[in-house]
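Okay, so here's the structure we're looking at.
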Amino acid sequence: MDTTTEGLERDHVRNVFRAMLTARVLENKLGSLYKAGKIVGGVYLGKGQEAVSASLAACLEKGRDVYAPLIRDQAGRTAFGEEMLDCTRTYLGSVAGPMRGRDGNVHRGRPAEGMPVMISHLGAAISVVSGMLLAKRLKGEMSGVVGATCVGDGCTSTGSFHEGLNAAAVEKLPLVLTVANNQYAYSTPNSRQFVCRDLVDKAVGYGVRGHSVDGTDMLACVRVMQDAVARARAGEGPQLVVASMLRLTGHGEHDDGSYVNPSLKTSGLGRDSLEVGKAQMIEYGFSDAAEIEAWQQRDAEIVQEAVAIAQKESPPDPFQDDWLAYSNPALQNR
């Protein structure tokens with residue numbers, strides 16, 4: 001067997017790519033809706049980062065593990081099992097969505113199912129996931145559990161990153177912390193963020209294992225994420241994964257990304273992980289062009305149906321809704 005695919009399970013690789021493809025089709029639609037004025041608030045696309053996001057979440061088990069996605073983790077959300085309607089309802093402000101139409105369109109989650117609500121403040125999710133893991137330990141539910149989140153390179157400059165990773169290391173928590181090094185913290189380049197040779201070098205300072213991966217290479221991401229998650233699950237403590245790539249859009253759909261160095265766009269960092277993944281799927285026999293085209297067409301139909309449903313649903317009514325913080329009916333009369 002070719003060493004590129006040795007040890008990789010066919011179904012797992014297909015699941016990763018399917019999540020990447022579905023996320024791209026969905027986010028292309030969200031971008032169109034934003035430009036048409038149908039979405040209020042920002043739209044932040046994961047184009048270029050899908051391989052990193054999907055390959056991490058595909059190693060996790062919904063209902064047992066903890067996964068805290070960031071703004072560019074739609075592929076990870078999809079791989080973790082997020083319902084399409086949860087996404088479209090939140091972006092379009094439907095009261096039937098998981099946040100009941102009350103919060104920013106990326107601030108959605110289902111904590112009871114192991115996916116906490118996305119937090120915009122850089123690095124906050126590290127401590128949240130660590131806290132959820134500690135709670136499982138105290139309740140005797142830690143066996144075989146893994147917690148994971150993904151942050152950007154800019155987050156590594158924050159106190160939250162230090163405090164969260166340091167606490168996880170001290171407690172030897174089964175945390176997989178992925179740094180999506182897309183070369184810019186919004187518009188601030190890496191050269192103005194840190195002077196270490198490689199962000200993975202930070203792992204040594206915290207006493208955790210570090211992993212580096214080319215974030216544009218789907219199969220490499222699958223292999224590295226499987227290793228990191230397996231090590232955390234086996235009790236080896238936190239794993240820091242640094243994936244290097246370039247986001248292929250601006251910071252959000254409101255931003256044209258004109259500050260990005262053109263030489264980066266034409267470098268290996270500027271490769272589209274979805275296109276790389278598609279080529280790998282065909283080259284190594286995981287799929288073929290016809291099947292991938294059928295998947296894409298089916299995804300487009302599912303996305304369109306989810307958008308149509310959400311567009312027909314009502315927004316929250318300030319005169320009818322109870323506006324309590326808890327969505328659990330058992331708590332609403334307290």
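Naming works like this for the structure tokens: A, B, ... for the chains as they're shown, residue 1 at the start of each chain, ligands 1 onward in shown order.
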(message) List as a PyMOL selection string the protein and nucleic acid residues near segment 271-285 of chain A, meaning an atom at most 7 Å away when only C-alpha atoms are counted, but skip any in the same chain fewer than 6 places from it.
(response) chain A and resi 17+20+48-51+216-218
Writer output for current selection, C-alpha atoms, as a compact mmCIF listing (two decimals), in the first residue's frame:
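New file again_35.txt:
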```txt
# COMPACT_ATOMS: atom_id res chain seq x y z
CA PHE A 17 -13.94 14.71 2.53
CA MET A 20 -15.38 19.31 3.65
CA GLY A 48 -9.01 26.83 2.73
CA GLN A 49 -9.28 25.45 6.26
CA GLU A 50 -11.77 22.63 5.73
CA ALA A 51 -9.22 19.82 5.85
CA THR A 216 -3.74 22.17 2.73
CA ASP A 217 -3.02 18.42 2.57
CA MET A 218 -6.19 16.49 3.45
```
Residues near Ala54 of chain A, anyone? I mean within 10 Å using only C-alpha atoms, not counting same-chain ones fewer than 3 positions away, as a compact mmCIF listing (two decimals) with C-alpha atoms, in the first residue's frame.
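Once everything was written out, this is part_6.txt:
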```txt
# COMPACT_ATOMS: atom_id res chain seq x y z
CA ASN A 15 -16.32 11.02 5.87
CA VAL A 16 -13.71 13.75 6.18
CA PHE A 17 -13.94 14.71 2.53
CA ARG A 18 -17.75 14.59 2.57
CA ALA A 19 -17.80 17.02 5.49
CA MET A 20 -15.38 19.31 3.65
CA LEU A 21 -17.48 19.27 0.51
CA ALA A 23 -19.35 22.70 4.27
CA GLN A 49 -9.28 25.45 6.26
CA GLU A 50 -11.77 22.63 5.73
CA ALA A 51 -9.22 19.82 5.85
CA ALA A 57 -13.94 16.63 14.31
CA ALA A 58 -14.25 13.39 12.34
CA CYS A 59 -12.16 11.70 15.04
CA ASP A 73 -15.11 25.43 11.52
CA GLN A 74 -18.24 24.64 9.52
CA ALA A 75 -16.48 21.57 8.11
CA GLY A 76 -15.79 20.44 11.66
CA ARG A 77 -19.36 21.10 12.73
CA THR A 78 -20.55 19.01 9.80
CA ALA A 79 -18.16 16.17 10.60
CA PHE A 80 -19.25 16.25 14.25
CA MET A 218 -6.19 16.49 3.45
CA CYS A 221 -4.39 16.28 8.22
CA VAL A 222 -6.32 13.03 8.62
CA MET A 225 -5.40 14.43 13.74
```
Where in segment 146-276 of chain A does DSSP assign strand (DSSP E or B), given as a tab-separated table (two decimals) with N, CA and C atoms, in the first residue's frame?
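Output contents, as saved in result_17.tsv:
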```
chain	number	residue	atom	x	y	z
A	147	GLY	N	-11.61	16.16	24.44
A	147	GLY	CA	-12.15	17.48	24.17
A	147	GLY	C	-11.28	18.15	23.13
A	148	ALA	N	-11.89	18.90	22.22
A	148	ALA	CA	-11.11	19.53	21.15
A	148	ALA	C	-11.66	20.90	20.81
A	149	THR	N	-10.77	21.77	20.40
A	149	THR	CA	-11.17	23.08	19.88
A	149	THR	C	-10.11	23.55	18.91
A	150	CYS	N	-10.44	24.57	18.16
A	150	CYS	CA	-9.53	25.12	17.16
A	150	CYS	C	-9.47	26.63	17.33
A	151	VAL	N	-8.27	27.17	17.31
A	151	VAL	CA	-8.08	28.62	17.43
A	151	VAL	C	-7.20	29.08	16.27
A	152	GLY	N	-7.10	30.38	16.10
A	152	GLY	CA	-6.24	30.93	15.06
A	152	GLY	C	-4.87	31.28	15.59
A	175	LEU	N	-7.10	17.01	25.96
A	175	LEU	CA	-7.46	18.13	25.10
A	175	LEU	C	-6.63	18.12	23.82
A	176	VAL	N	-7.29	18.25	22.68
A	176	VAL	CA	-6.59	18.45	21.41
A	176	VAL	C	-6.85	19.89	21.00
A	177	LEU	N	-5.81	20.70	21.05
A	177	LEU	CA	-5.91	22.12	20.71
A	177	LEU	C	-5.25	22.34	19.36
A	178	THR	N	-6.04	22.69	18.37
A	178	THR	CA	-5.52	22.93	17.03
A	178	THR	C	-5.38	24.43	16.78
A	179	VAL	N	-4.22	24.82	16.30
A	179	VAL	CA	-3.98	26.20	15.90
A	179	VAL	C	-4.01	26.24	14.37
A	180	ALA	N	-5.01	26.90	13.82
A	180	ALA	CA	-5.09	27.07	12.38
A	180	ALA	C	-4.27	28.30	12.02
A	181	ASN	N	-3.02	28.07	11.67
A	181	ASN	CA	-2.11	29.17	11.35
A	181	ASN	C	-2.35	29.61	9.91
A	184	TYR	N	-2.48	35.21	9.23
A	184	TYR	CA	-2.95	36.54	9.60
A	184	TYR	C	-3.94	36.48	10.75
A	185	ALA	N	-3.72	37.34	11.75
A	185	ALA	CA	-4.71	37.55	12.80
A	185	ALA	C	-5.55	38.74	12.35
A	188	THR	N	-3.29	41.31	10.68
A	188	THR	CA	-1.94	41.39	11.25
A	188	THR	C	-1.15	40.14	10.87
A	189	PRO	N	-0.03	40.30	10.15
A	189	PRO	CA	0.75	39.13	9.71
A	189	PRO	C	1.49	38.48	10.86
A	209	ARG	N	2.65	17.60	24.00
A	209	ARG	CA	3.17	17.12	22.71
A	209	ARG	C	2.71	18.04	21.58
A	210	GLY	N	3.63	18.36	20.68
A	210	GLY	CA	3.30	19.20	19.54
A	210	GLY	C	3.29	18.42	18.24
A	211	HIS	N	2.40	18.80	17.35
A	211	HIS	CA	2.29	18.17	16.03
A	211	HIS	C	2.22	19.28	14.99
A	212	SER	N	2.91	19.12	13.88
A	212	SER	CA	2.82	20.07	12.76
A	212	SER	C	2.23	19.37	11.55
A	213	VAL	N	1.44	20.12	10.77
A	213	VAL	CA	0.86	19.52	9.57
A	213	VAL	C	0.62	20.61	8.53
A	214	ASP	N	0.72	20.20	7.29
A	214	ASP	CA	0.36	21.06	6.17
A	214	ASP	C	-1.17	21.08	6.08
A	239	GLN	N	-2.65	17.75	23.48
A	239	GLN	CA	-1.92	17.68	22.22
A	239	GLN	C	-2.12	19.02	21.50
A	240	LEU	N	-1.02	19.64	21.11
A	240	LEU	CA	-1.09	20.90	20.37
A	240	LEU	C	-0.77	20.63	18.91
A	241	VAL	N	-1.74	20.87	18.04
A	241	VAL	CA	-1.56	20.66	16.60
A	241	VAL	C	-1.52	22.02	15.91
A	242	VAL	N	-0.45	22.26	15.17
A	242	VAL	CA	-0.33	23.50	14.41
A	242	VAL	C	-0.43	23.17	12.93
A	243	ALA	N	-1.47	23.69	12.30
A	243	ALA	CA	-1.71	23.44	10.88
A	243	ALA	C	-1.50	24.74	10.11
A	244	SER	N	-0.67	24.69	9.11
A	244	SER	CA	-0.34	25.88	8.34
A	244	SER	C	-1.06	25.89	7.00
```
(request) Name the residues in contact with Ala169 of chain A at a cut-off of 7 Å, using only C-alpha atoms, excluding same-chain residues fewer than 5 positions from it; report them as a count of residues only. (result) 5
If you run DSSP on the backbone, which residues of segment 34-90 of chain A are helix (DSSP H, G or I), as a PDB file with C-alpha atoms, in the first residue's frame?
```pdb
ATOM      1  CA  TYR A  34     -25.093  37.684   2.833  1.00  0.00           C
ATOM      2  CA  LYS A  35     -24.363  39.593  -0.376  1.00  0.00           C
ATOM      3  CA  GLU A  50     -11.769  22.632   5.729  1.00  0.00           C
ATOM      4  CA  ALA A  51      -9.220  19.816   5.847  1.00  0.00           C
ATOM      5  CA  VAL A  52      -7.954  20.853   9.271  1.00  0.00           C
ATOM      6  CA  SER A  53     -11.426  21.358  10.692  1.00  0.00           C
ATOM      7  CA  ALA A  54     -13.088  18.223   9.310  1.00  0.00           C
ATOM      8  CA  SER A  55     -10.172  15.885  10.036  1.00  0.00           C
ATOM      9  CA  LEU A  56     -10.205  16.890  13.721  1.00  0.00           C
ATOM     10  CA  ALA A  57     -13.944  16.629  14.313  1.00  0.00           C
ATOM     11  CA  GLN A  74     -18.240  24.643   9.522  1.00  0.00           C
ATOM     12  CA  ALA A  75     -16.480  21.573   8.112  1.00  0.00           C
ATOM     13  CA  GLY A  76     -15.788  20.436  11.665  1.00  0.00           C
ATOM     14  CA  ARG A  77     -19.361  21.098  12.727  1.00  0.00           C
ATOM     15  CA  THR A  78     -20.554  19.012   9.798  1.00  0.00           C
ATOM     16  CA  ALA A  79     -18.159  16.173  10.601  1.00  0.00           C
ATOM     17  CA  PHE A  80     -19.247  16.252  14.251  1.00  0.00           C
ATOM     18  CA  MET A  84     -27.936  21.542   8.545  1.00  0.00           C
ATOM     19  CA  LEU A  85     -31.033  23.306   9.871  1.00  0.00           C
ATOM     20  CA  ASP A  86     -29.162  24.393  13.008  1.00  0.00           C
ATOM     21  CA  CYS A  87     -26.886  26.379  10.739  1.00  0.00           C
ATOM     22  CA  THR A  88     -29.424  27.884   8.346  1.00  0.00           C
ATOM     23  CA  ARG A  89     -31.898  28.701  11.102  1.00  0.00           C
ATOM     24  CA  THR A  90     -29.266  30.542  13.111  1.00  0.00           C
TER      25      THR A  90
END
```
(message) List the spatial neighbours of His162 of chain A as number ranges by chain - criterion: any atom at most 12 Å away, only C-alpha atoms, same-chain residues fewer than 2 positions off excluded.
(response) A: 122-124, 126-127, 155-160, 164-170, 177, 202-203, 205-206
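Candidate residues A:Ser130, A:Gln226, A:Ser94, A:Ser32 were compared for distance to Val66 of chain A, and the nearest is A:Ser130, using only C-alpha atoms.
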So that each row is one residue of segment 8-37 of chain A with an atom at most 7 Å from segment 299-309 of chain A, can you give its shortest atom pair and the distance in Å to one decimal, using only C-alpha atoms, rows by chain and rising number, as JSON lines?
```
{"residue": "A:Thr22", "atom": "CA", "partner": "A:Asp299", "partner_atom": "CA", "distance": 5.8}
{"residue": "A:Val25", "atom": "CA", "partner": "A:Ala300", "partner_atom": "CA", "distance": 6.3}
{"residue": "A:Leu26", "atom": "CA", "partner": "A:Val303", "partner_atom": "CA", "distance": 5.9}
```
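Of the listed residues A:Asn105, A:Val40, A:Arg100, A:Asp288, the one whose atoms come nearest to Ser314 of chain A is A:Arg100, with distances taken using only C-alpha atoms.
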(message) Can you measure atom CA of Arg64 of chain A to atom CA of Gly7 of chain A for me? One decimal in Å is fine.
(response) 24.5 Å
